[in-house]
2 protein chains.
Amino acid sequence: MTSRSGSRRRAVTAHDVARRAGVSQSAVSRSFTPGASVSEATRAAVLAAAGELGYRPNLIARSLITRRSRIIGMAVGYLHNQFYPAVLEAMSARLQALGYHLLLFTAPLSGDADPLLEDILRYQVDGLVLASTTLSSRLAAACAANGVPVVLFNRTIRDASGVDSVTGDNRGGAKRIAAFLLAGGHRRLAFVAGIEDSSTSRDRERGFRDALRAAGAAPPMRVVGGYDMAQASQAADALFARDDRPDAVFCASDHMAIAVMDRARFGHGLRVPADVSIVGFDDAVPAAWPAYSLTTFAQPVEAMVSSAVDALVGRLEGDDAPPRRIVVRGELVVRGSARLPPAGVETVDGIRLWRPETSPARGRHR
Amino acid sequence: MTSRSGSRRRAVTAHDVARRAGVSQSAVSRSFTPGASVSEATRAAVLAAAGELGYRPNLIARSLITRRSRIIGMAVGYLHNQFYPAVLEAMSARLQALGYHLLLFTAPLSGDADPLLEDILRYQVDGLVLASTTLSSRLAAACAANGVPVVLFNRTIRDASGVDSVTGDNRGGAKRIAAFLLAGGHRRLAFVAGIEDSSTSRDRERGFRDALRAAGAAPPMRVVGGYDMAQASQAADALFARDDRPDAVFCASDHMAIAVMDRARFGHGLRVPADVSIVGFDDAVPAAWPAYSLTTFAQPVEAMVSSAVDALVGRLEGDDAPPRRIVVRGELVVRGSARLPPAGVETVDGIRLWRPETSPARGRHR
DNA sequence: TTGAAAGCGGTACCAA
DNA sequence: TTGGTACCGCTTTCAA
C-alpha cells in the first residue's frame, strides 16, 4: 500500500506500469487495446505489472483522445410510474453489455429539460435518451450540431428535428381498447388524459376518439390526470360523481388507472368491473398484481428498449439516415378489470389477449 | 453551422473561443471558473464569443486535470422493488443540486458486484453508492486505495472495511413490529426473510426474534422470499398451507408483503386482517395504495438519501473519520393490513403511527 | 514490434 | 489582470 494521506487519489498510471514492466508507456497502452500489435511477451509482462500495481486504465483520459466517452445520458422524471424503472433497468443492462453506461439526469415531469441538457452535453455523452421529458428544438439542434444522437423514448416530437423516437403503438392500442370496450357492451366511455401536451397522451386520445367515431359511438367524457396519481384520483372523483357516470374508463397510463380503480372501489363503492370497467396502458408491473388485475395495452419494454438501443448505436456507428419514428407493436392484455366482449379472447403463452378476428396480429416482436 | 460530415463531433474548444474573443485560452478558462480573476470586460467578451460559437466546457478534459469527475457511481439491482426507484430519484436530484451526477450500474440482485465495480473504477467516479448489492472486501480495499469513498445504502457490512453505510432502523423497526403484533393479540407469528445473506434481512429478523424472545413469545415460523415476488408468493403458499397457519406475517420488505397479501387473499381466500395480519418494511409507494393499505415500518427515503449524500460529500471534502454506520430512525405506519392493539395509535400529520407509551419517540429526523 | 513524441481540451502556476 | 506553458493520463502517428 503506497501510503497516501488524504483522499486525493493518485492513481496508478500507465507510466507506472511501463516503468515496472521495463517497457514504454505506449506498450502499456497497446497491451490494453484489443487489436493492437504487441508481442505476447510484452503483453504478458505488462499485464503482470498491471496486476501487481492494481492498474486500471483511466477511461476519462482515453475518451479525451478517442472522443468517445461510452457514456449515454438519460433523462427521466417521475420514477413513481413503474414503467420507467423497468425501462431504466433494461436500458442500463443492455447498454452495459455493449460497453456503455448511463449517466442519469432527473428532470421535472412537465417543464422542459433544456437547462439539464446543457449540463449533459458538457459531460460529452455519446448519445442521449429522453424518457418522460420534452426536448426543445433548440436543444435538439445543439445535440445535432455536436453530433450527439438523441432518441426519444415513449414520446415523439412533431417536427422530427433530427431525432429518432421509439414508442409503443399508442394510436393502434387505443383503437383496440375502444373496440374492446364497445364489444364489451359499454356505452358511456371516459378517457383520463395524461399530461396534456405529451405526444403519448395525445396519440392515445386520438386513437380512442377516432375509433369511437368510426364506430358511431359518442365521444368520451374527458378528464385530465397528468400522469400523476393524486391528480388522477381527483379526476376520477369528478368522473364518478357525475349523474351519467361512465361505465368504462380508459386511462392513458396504468399508473393512473390504479389510482382511478382505487377511487372507484374505495372512494365510491363501485365494483370493478361490474359497475365500471377500467383499462390502462403500459402493462406496468403492478397491473398484473391480483389486487388490481388490470386489463391494459402492453408496451413491451424489452422490445422498445432494444429498438432504442439499436437506433442509438446505429447512429453512433455513423448511420445518418433520416430520423426514424419507431413504433413497437403491443397486445391488449386481458385481465379482470373490464367486462369481456363475447369473443376474441385468446390465451398465448399463458397470457390472455384480445385479438379481434380482423387483426392478423403477427405476434410480439423479437 | 460549421458544416461537418458524419457524426464525429468536432466540438468548439476554448481555443476557438479565445481566438474569436481576441484573448488567450487561459482567459477563457478563467471566465468559466467562478472565483477566478478576470476583468469584467474580458469575461463579457469571452461569454459573448462563447455564446455565438455555442461553446460548452468539456467536463472530461477538466476532470482529467482536476482529478474530479463529479460523477458518482451507483449500483442498483432489481428496480421492481419500488423502494429503489424512489431512492434513485431522490439521490439523483440531491446530487444534481450539488453538481454531481449518477452513473448507473445495474447489478445482479444476489451475486456480488465486483466485476461491475472494476468497470466503475475505470470511469474515475468520485464516489460510489451501493444499493442492493454486496461489495467484497477486496473491492472495498481497491476503492479505498484509489481514494474513492463508498457508501452502502440500505445494507451494512460486518467488518466496516472503510466504508460508510446508511440504513433504516432495521432492528428497532423489527422490534417495534413484534411488539405491535403481540399487543394486537397475535400468537402465531411468521417471518418472511429476504435474501439470506443480506445484512438488512438478517437485522430485521434478529430484531424480530429478539423482541419475541424478550416478551416470552414463541419464535416465529420462517420462510424465505428472497426479496422477490415470485419467491415470496411460493413462501406464502407454504405458510398458509400449514395446519398452524400464522395469524400474523412480518415480511422483510413491502415488496414481498404485497405478494404475500395477494396470495393470502386471492390464493387462500383469507381475509386481511381478519384472518391474518400482514406487516411490511420500507413504506414503499404501493404500501399506501388502498388496495393494499399495508401496515409497515417506514424507512424515510429523503432522510436516508440526504444522510448518504452528506456522508459521501463529506468524504469527498476530506473527512477521514472512521467509517460510520448511520441509522436513520423511522416510524411504524399503521394502515389496514394488521389488527390493531388496544392502544398506542397516534395520528401525526394525518398519518397514523404506532408509538407505544414507553417510546418518547422524538419524531422523524430531518 | 517498439519507443518517442505530439496531441485531446482543459487547469493552474508563473512571470510579466 | 493577463498570456505562456507545463501538465492530467491516455491514444496514435511516425521512425527506428
# chains A, B, ... in the order shown; residues from 1 in each chain; ligands from 1
>>> interface_residues(of="chain A", to="chain C", cutoff="10 Å", atoms="only C-alpha atoms (C1' of nucleotides)", output="VMD selection string")
chain A and resid 23 to 27 37 to 39 42 61 to 67
>>> select_by_dssp(residues="region 178-309 of chain B", states="strand (DSSP E or B)", output="JSON, numbers by chain")
{"B": [189, 190, 191, 192, 193, 221, 222, 223, 224, 248, 249, 250, 251, 277, 278, 279, 280, 281, 282, 295, 296, 297, 298]}
>>> write_last_selection(atoms="C-alpha atoms", output="mmCIF file, in the first residue's frame")
data_model
loop_
_atom_site.group_PDB
_atom_site.id
_atom_site.type_symbol
_atom_site.label_atom_id
_atom_site.label_comp_id
_atom_site.auth_asym_id
_atom_site.auth_seq_id
_atom_site.Cartn_x
_atom_site.Cartn_y
_atom_site.Cartn_z
ATOM 1 C CA LEU B 189 -46.191 -15.220 14.057
ATOM 2 C CA ALA B 190 -44.215 -15.786 10.897
ATOM 3 C CA PHE B 191 -41.267 -14.069 9.295
ATOM 4 C CA VAL B 192 -40.595 -13.879 5.578
ATOM 5 C CA ALA B 193 -36.893 -13.342 5.071
ATOM 6 C CA MET B 221 -42.245 -19.624 11.711
ATOM 7 C CA ARG B 222 -39.823 -18.792 8.962
ATOM 8 C CA VAL B 223 -39.765 -18.852 5.171
ATOM 9 C CA VAL B 224 -37.528 -17.183 2.625
ATOM 10 C CA ALA B 248 -49.577 -12.582 11.519
ATOM 11 C CA VAL B 249 -46.815 -12.376 8.940
ATOM 12 C CA PHE B 250 -43.948 -9.921 9.060
ATOM 13 C CA CYS B 251 -42.252 -9.576 5.690
ATOM 14 C CA SER B 277 -52.322 -9.696 9.652
ATOM 15 C CA ILE B 278 -49.556 -8.697 7.298
ATOM 16 C CA VAL B 279 -46.843 -6.179 8.026
ATOM 17 C CA GLY B 280 -44.074 -5.000 5.757
ATOM 18 C CA PHE B 281 -40.947 -2.884 5.947
ATOM 19 C CA ASP B 282 -39.987 0.176 3.862
ATOM 20 C CA THR B 295 -49.051 -1.508 7.784
ATOM 21 C CA THR B 296 -45.307 -1.143 7.593
ATOM 22 C CA PHE B 297 -42.224 0.290 9.194
ATOM 23 C CA ALA B 298 -41.208 3.351 7.219
#
>>> closest_residue(among="A:Ala107, A:Ala232, A:Val151, A:Ala49", to="chain B", atoms="only C-alpha atoms")
A:Ala107
>>> select_by_dssp(residues="region 166-357 of chain B", states="alpha helix (DSSP H)", output="PyMOL selection string")
chain B and resi 170-183+199-214+229-241+254-262+268+301-316
